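Engineer: Structure below; questions to follow.
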Amino acid sequence: MTGDSYVRPAVVAGMFYPEHERDLKATVDSLLSDVKRRKQAGRLIGLIVPHAGYMYSGSTAAEAYALLTGSEKITAVIVGPSHREYFDGISVFSGSSFTTPLGTVEVDSNVRDAILTKVPFLRNSLDGHRSEHSIEVQIPFLQRSVRNLKIVPIIIGNQKKEYCEKLGSGLAEVVEDEHILLVASSDLSHYYSSDTAQKLDAIAIASIQDLDYRTLMNDIDEEKTEACGGGPIVSVLAAATTLGADVCTILHACNSGDVSGDTDRVVGYVSAAMWKTH
């Protein structure tokens, strides 16, 4: 199937997360149950979550998704980077649904169509979506946290400043409904020593906590810090601040060496929540 009838299969099940329904439920539920419950700081507008294998970043992602536990209805607009395809611009998934071992999740076509009218260079396409993991790995957490879940998957092919900021302003025009949640999918620095990674990641984390997407974008462009999904973070932070987010809580930060014990070449992870407190 192609176009608007395309049902996107799970392509990284068995690699990034368990491939069988029972095992995946148990893994996600265990990760979520290990999170100490936090009080809601206001209206939750957006999340930043990592997208590595659950063995490495699952506990960091769970800190964010635990905030959604028991939610009745959410459309998650998930913005991720393209790891396997380069294309100029940004692609919103044109298909009908995503599948994981936990079942099928429908795309919210109304929200997708509204976003398409607000971002002129956004393409309605399968480009970047067919084999990309950065969105897929988020969905099982959402499936186990939200009863009535829909998604709008967006992949940024070219993470240049103009595209990311315009996507952010376009999202802000659409995401006024409290049932719509922004999700930025990103890991941080890649393949430095743990000590170096912590220094690089601290720069990005400080800008995230300050809701300062412009400094983050500049620091990434000037190679002062790294984030493979820097564009998605910038877009979501820009949208969230336009929507009135005034507090960003850093929920958890670590790197792969904390799990593997290999501190020579690590990948950094962070999860964060953006709130409108008044």
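If you're wondering about the labels, chains in the structure tokens are A, B, ... by order shown, residues count from 1 in each chain, ligands from 1 in order shown.
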Name all residues at most 7 Å from region 156-162 of chain A (count only C-alpha atoms; drop same-chain ones fewer than 5 positions away) and give them as a ChimeraX atom specification.
Structural biologist: /A:80-82,86-91,217,231
Engineer: What's the 9 Å shell around region 175-191 of chain A, counting only C-alpha atoms, without same-chain residues fewer than 3 positions away, as a ChimeraX atom specification?
Structural biologist: /A:43-52,57,73-81,111,115,134-135,138,170-172,194,197-198,200-201,204,225-237,239-240,243,255,264-270
Engineer: What residues in region 15-259 of chain A get the DSSP label helix (DSSP H, G or I)? Please answer as a ChimeraX atom specification.
Structural biologist: /A:21-33,54-68,109-118,133-136,139-145,161-174,194-209,213-221,230-242,257-259
Engineer: Taking a cut-off of 9 Å and counting only C-alpha atoms, can you build a table that, for each residue of region 76-141 of chain A near region 5-14 of chain A, reports the nearest atom pair and how far apart they are in Å (one decimal), sorted by chain then residue number, as JSON lines?
Structural biologist:
{"residue": "A:Ser94", "atom": "CA", "partner": "A:Tyr6", "partner_atom": "CA", "distance": 7.7}
{"residue": "A:Gly95", "atom": "CA", "partner": "A:Tyr6", "partner_atom": "CA", "distance": 4.5}
{"residue": "A:Ser96", "atom": "CA", "partner": "A:Ser5", "partner_atom": "CA", "distance": 5.4}
{"residue": "A:Ser97", "atom": "CA", "partner": "A:Val7", "partner_atom": "CA", "distance": 5.0}
{"residue": "A:Phe98", "atom": "CA", "partner": "A:Arg8", "partner_atom": "CA", "distance": 4.7}
{"residue": "A:Thr99", "atom": "CA", "partner": "A:Pro9", "partner_atom": "CA", "distance": 5.1}
{"residue": "A:Thr100", "atom": "CA", "partner": "A:Ala10", "partner_atom": "CA", "distance": 5.0}
{"residue": "A:Pro101", "atom": "CA", "partner": "A:Ala10", "partner_atom": "CA", "distance": 7.4}
{"residue": "A:Thr104", "atom": "CA", "partner": "A:Val7", "partner_atom": "CA", "distance": 8.6}
{"residue": "A:Leu126", "atom": "CA", "partner": "A:Tyr6", "partner_atom": "CA", "distance": 8.7}
{"residue": "A:His129", "atom": "CA", "partner": "A:Arg8", "partner_atom": "CA", "distance": 8.3}
{"residue": "A:Arg130", "atom": "CA", "partner": "A:Arg8", "partner_atom": "CA", "distance": 6.9}
{"residue": "A:Ser131", "atom": "CA", "partner": "A:Val11", "partner_atom": "CA", "distance": 6.3}
{"residue": "A:Glu132", "atom": "CA", "partner": "A:Val11", "partner_atom": "CA", "distance": 8.1}
{"residue": "A:His133", "atom": "CA", "partner": "A:Val12", "partner_atom": "CA", "distance": 6.5}
{"residue": "A:Glu136", "atom": "CA", "partner": "A:Ala10", "partner_atom": "CA", "distance": 7.2}
{"residue": "A:Val137", "atom": "CA", "partner": "A:Val12", "partner_atom": "CA", "distance": 8.0}
Engineer: Take the residues that were just selected and, keeping N, CA and C atoms, output them as a PDB file, in the first residue's frame.
Structural biologist:
ATOM      1  N   SER A  94       2.115  10.409   5.427  1.00  0.00           N
ATOM      2  CA  SER A  94       0.897  10.457   4.621  1.00  0.00           C
ATOM      3  C   SER A  94       0.038   9.204   4.742  1.00  0.00           C
ATOM      4  N   GLY A  95       0.536   8.201   5.461  1.00  0.00           N
ATOM      5  CA  GLY A  95      -0.213   6.957   5.591  1.00  0.00           C
ATOM      6  C   GLY A  95      -1.325   7.033   6.614  1.00  0.00           C
ATOM      7  N   SER A  96      -1.957   5.884   6.841  1.00  0.00           N
ATOM      8  CA  SER A  96      -3.137   5.853   7.709  1.00  0.00           C
ATOM      9  C   SER A  96      -2.819   5.491   9.149  1.00  0.00           C
ATOM     10  N   SER A  97      -1.732   4.724   9.374  1.00  0.00           N
ATOM     11  CA  SER A  97      -1.481   4.229  10.728  1.00  0.00           C
ATOM     12  C   SER A  97      -0.081   3.640  10.844  1.00  0.00           C
ATOM     13  N   PHE A  98       0.358   3.468  12.090  1.00  0.00           N
ATOM     14  CA  PHE A  98       1.598   2.759  12.446  1.00  0.00           C
ATOM     15  C   PHE A  98       1.206   1.497  13.212  1.00  0.00           C
ATOM     16  N   THR A  99       1.991   0.451  13.053  1.00  0.00           N
ATOM     17  CA  THR A  99       1.778  -0.747  13.860  1.00  0.00           C
ATOM     18  C   THR A  99       3.018  -1.038  14.698  1.00  0.00           C
ATOM     19  N   THR A 100       2.783  -1.587  15.879  1.00  0.00           N
ATOM     20  CA  THR A 100       3.827  -2.149  16.725  1.00  0.00           C
ATOM     21  C   THR A 100       3.301  -3.505  17.202  1.00  0.00           C
ATOM     22  N   PRO A 101       4.101  -4.278  17.913  1.00  0.00           N
ATOM     23  CA  PRO A 101       3.573  -5.532  18.457  1.00  0.00           C
ATOM     24  C   PRO A 101       2.385  -5.336  19.396  1.00  0.00           C
ATOM     25  N   THR A 104      -2.231  -1.423  16.351  1.00  0.00           N
ATOM     26  CA  THR A 104      -2.204  -0.369  15.341  1.00  0.00           C
ATOM     27  C   THR A 104      -2.653   0.960  15.940  1.00  0.00           C
ATOM     28  N   LEU A 126       5.634   9.759   2.408  1.00  0.00           N
ATOM     29  CA  LEU A 126       6.242   8.661   3.153  1.00  0.00           C
ATOM     30  C   LEU A 126       7.755   8.840   3.272  1.00  0.00           C
ATOM     31  N   HIS A 129       9.993   8.047   6.471  1.00  0.00           N
ATOM     32  CA  HIS A 129       9.201   7.311   7.463  1.00  0.00           C
ATOM     33  C   HIS A 129       9.321   5.789   7.358  1.00  0.00           C
ATOM     34  N   ARG A 130       9.645   5.267   6.206  1.00  0.00           N
ATOM     35  CA  ARG A 130       9.516   3.824   5.976  1.00  0.00           C
ATOM     36  C   ARG A 130      10.406   2.994   6.893  1.00  0.00           C
ATOM     37  N   SER A 131      11.626   3.453   7.145  1.00  0.00           N
ATOM     38  CA  SER A 131      12.567   2.652   7.949  1.00  0.00           C
ATOM     39  C   SER A 131      13.099   3.397   9.161  1.00  0.00           C
ATOM     40  N   GLU A 132      12.533   4.557   9.465  1.00  0.00           N
ATOM     41  CA  GLU A 132      13.034   5.400  10.557  1.00  0.00           C
ATOM     42  C   GLU A 132      12.592   4.874  11.925  1.00  0.00           C
ATOM     43  N   HIS A 133      13.541   4.840  12.868  1.00  0.00           N
ATOM     44  CA  HIS A 133      13.231   4.319  14.208  1.00  0.00           C
ATOM     45  C   HIS A 133      12.854   5.396  15.211  1.00  0.00           C
ATOM     46  N   GLU A 136       9.085   5.401  15.700  1.00  0.00           N
ATOM     47  CA  GLU A 136       8.535   4.085  16.054  1.00  0.00           C
ATOM     48  C   GLU A 136       8.775   3.727  17.514  1.00  0.00           C
ATOM     49  N   VAL A 137       9.972   4.009  18.034  1.00  0.00           N
ATOM     50  CA  VAL A 137      10.280   3.569  19.398  1.00  0.00           C
ATOM     51  C   VAL A 137       9.471   4.312  20.454  1.00  0.00           C
TER      52      VAL A 137
END
Engineer: Which residues come within 10 Å of Val28 (chain A), counting only C-alpha atoms, excluding same-chain residues fewer than 6 positions away, as a list in words?
Structural biologist: Tyr17, Pro18, Tyr54, Gly58, Ser59, Ala62, Pro140, Phe141, Leu142, Gln143, Arg144 and Ser145 of chain A
Engineer: Would you mind exporting C-alpha atoms of the selected residues as a PDB file, in the first residue's frame?
Structural biologist:
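Result file part_18.pdb:
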ATOM      1  CA  TYR A  17      12.615  -3.169  21.668  1.00  0.00           C
ATOM      2  CA  PRO A  18      11.062  -6.651  22.150  1.00  0.00           C
ATOM      3  CA  TYR A  54      15.126   0.434  25.328  1.00  0.00           C
ATOM      4  CA  GLY A  58      14.216   3.200  27.973  1.00  0.00           C
ATOM      5  CA  SER A  59      14.467   4.342  31.581  1.00  0.00           C
ATOM      6  CA  ALA A  62       9.905   6.282  30.788  1.00  0.00           C
ATOM      7  CA  PRO A 140       4.810   1.489  22.522  1.00  0.00           C
ATOM      8  CA  PHE A 141       5.279   3.855  25.487  1.00  0.00           C
ATOM      9  CA  LEU A 142       2.351   5.926  24.277  1.00  0.00           C
ATOM     10  CA  GLN A 143       0.233   2.823  23.694  1.00  0.00           C
ATOM     11  CA  ARG A 144       0.745   1.669  27.279  1.00  0.00           C
ATOM     12  CA  SER A 145       0.088   5.155  28.727  1.00  0.00           C
TER      13      SER A 145
END
Engineer: Could you pull out the strand (DSSP E or B) residues of region 22-214 of chain A, going by DSSP on the backbone, and write them as a PyMOL selection string?
Structural biologist: chain A and resi 43-49+71-81+90-93+97-100+103-107+122-125+146-156+180-185+190-192
Engineer: Those selected residues, please, written with C-alpha atoms and delivered as a PDB file, in the first residue's frame.
Structural biologist:
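Below you can see selection24.pdb, which holds the result:
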ATOM      1  CA  ARG A  43      -0.666  22.055  31.398  1.00  0.00           C
ATOM      2  CA  LEU A  44       1.744  19.617  29.769  1.00  0.00           C
ATOM      3  CA  ILE A  45       2.498  20.961  26.291  1.00  0.00           C
ATOM      4  CA  GLY A  46       5.479  18.922  25.149  1.00  0.00           C
ATOM      5  CA  LEU A  47       8.036  16.233  25.882  1.00  0.00           C
ATOM      6  CA  ILE A  48      11.603  15.578  24.796  1.00  0.00           C
ATOM      7  CA  VAL A  49      12.503  11.890  24.753  1.00  0.00           C
ATOM      8  CA  SER A  71      -4.478   9.566  30.058  1.00  0.00           C
ATOM      9  CA  GLU A  72      -7.804   9.140  28.290  1.00  0.00           C
ATOM     10  CA  LYS A  73      -7.228  10.870  24.961  1.00  0.00           C
ATOM     11  CA  ILE A  74      -4.102  12.258  23.275  1.00  0.00           C
ATOM     12  CA  THR A  75      -2.945  13.011  19.755  1.00  0.00           C
ATOM     13  CA  ALA A  76       0.847  12.899  19.925  1.00  0.00           C
ATOM     14  CA  VAL A  77       2.577  15.002  17.283  1.00  0.00           C
ATOM     15  CA  ILE A  78       5.943  13.230  17.210  1.00  0.00           C
ATOM     16  CA  VAL A  79       8.831  15.049  15.523  1.00  0.00           C
ATOM     17  CA  GLY A  80      11.977  13.064  14.786  1.00  0.00           C
ATOM     18  CA  PRO A  81      15.160  13.301  12.710  1.00  0.00           C
ATOM     19  CA  ILE A  90      10.122  18.127   6.400  1.00  0.00           C
ATOM     20  CA  SER A  91       7.803  15.170   5.841  1.00  0.00           C
ATOM     21  CA  VAL A  92       4.528  14.512   7.654  1.00  0.00           C
ATOM     22  CA  PHE A  93       3.488  10.862   7.362  1.00  0.00           C
ATOM     23  CA  SER A  97      -1.481   4.229  10.728  1.00  0.00           C
ATOM     24  CA  PHE A  98       1.598   2.759  12.446  1.00  0.00           C
ATOM     25  CA  THR A  99       1.778  -0.747  13.860  1.00  0.00           C
ATOM     26  CA  THR A 100       3.827  -2.149  16.725  1.00  0.00           C
ATOM     27  CA  GLY A 103      -1.357  -3.068  17.861  1.00  0.00           C
ATOM     28  CA  THR A 104      -2.204  -0.369  15.341  1.00  0.00           C
ATOM     29  CA  VAL A 105      -2.306   3.370  16.032  1.00  0.00           C
ATOM     30  CA  GLU A 106      -4.314   5.642  13.755  1.00  0.00           C
ATOM     31  CA  VAL A 107      -2.901   8.843  12.324  1.00  0.00           C
ATOM     32  CA  LEU A 122       6.015  20.568   4.742  1.00  0.00           C
ATOM     33  CA  ARG A 123       5.371  17.626   2.419  1.00  0.00           C
ATOM     34  CA  ASN A 124       2.636  15.017   2.883  1.00  0.00           C
ATOM     35  CA  SER A 125       4.760  11.988   2.142  1.00  0.00           C
ATOM     36  CA  VAL A 146      -2.870   6.508  26.727  1.00  0.00           C
ATOM     37  CA  ARG A 147      -6.250   4.833  26.222  1.00  0.00           C
ATOM     38  CA  ASN A 148      -7.395   6.695  23.109  1.00  0.00           C
ATOM     39  CA  LEU A 149      -4.205   7.425  21.171  1.00  0.00           C
ATOM     40  CA  LYS A 150      -3.662   8.971  17.774  1.00  0.00           C
ATOM     41  CA  ILE A 151      -0.402  10.199  16.282  1.00  0.00           C
ATOM     42  CA  VAL A 152       0.980  12.624  13.709  1.00  0.00           C
ATOM     43  CA  PRO A 153       4.512  11.509  12.731  1.00  0.00           C
ATOM     44  CA  ILE A 154       6.819  14.214  11.342  1.00  0.00           C
ATOM     45  CA  ILE A 155      10.372  13.621  10.108  1.00  0.00           C
ATOM     46  CA  ILE A 156      12.824  16.482   9.546  1.00  0.00           C
ATOM     47  CA  ILE A 180      -2.655  17.414  21.486  1.00  0.00           C
ATOM     48  CA  LEU A 181       0.848  16.768  22.836  1.00  0.00           C
ATOM     49  CA  LEU A 182       4.154  17.669  21.177  1.00  0.00           C
ATOM     50  CA  VAL A 183       6.942  15.082  21.351  1.00  0.00           C
ATOM     51  CA  ALA A 184      10.524  15.729  20.208  1.00  0.00           C
ATOM     52  CA  SER A 185      12.540  12.567  19.609  1.00  0.00           C
ATOM     53  CA  HIS A 190      27.429  10.484  20.009  1.00  0.00           C
ATOM     54  CA  TYR A 191      30.599   8.447  20.563  1.00  0.00           C
ATOM     55  CA  TYR A 192      32.680  10.599  22.856  1.00  0.00           C
TER      56      TYR A 192
END
Engineer: Work out how far CA of Leu167 (chain A) is from CA of Arg214 (chain A), in Å to one decimal.
Structural biologist: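 A separation of 13.7 Å between them.
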Engineer: Under the rule that only C-alpha atoms are counted, which of A:Met274, A:Thr242, A:Asp258, A:Leu102 is the nearest residue to His20 (chain A)?
Structural biologist: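 Looking only at the distances to His20 (chain A), the closest residue turns out to be A:Leu102.
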Engineer: Check the smallest atom-to-atom distance from each of A:His83, A:His252, A:Lys25, A:Arg37 to Gln209 (chain A) using only C-alpha atoms, then report the winner.
Structural biologist: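 For Gln209 (chain A), the nearest of the given residues is A:His252.
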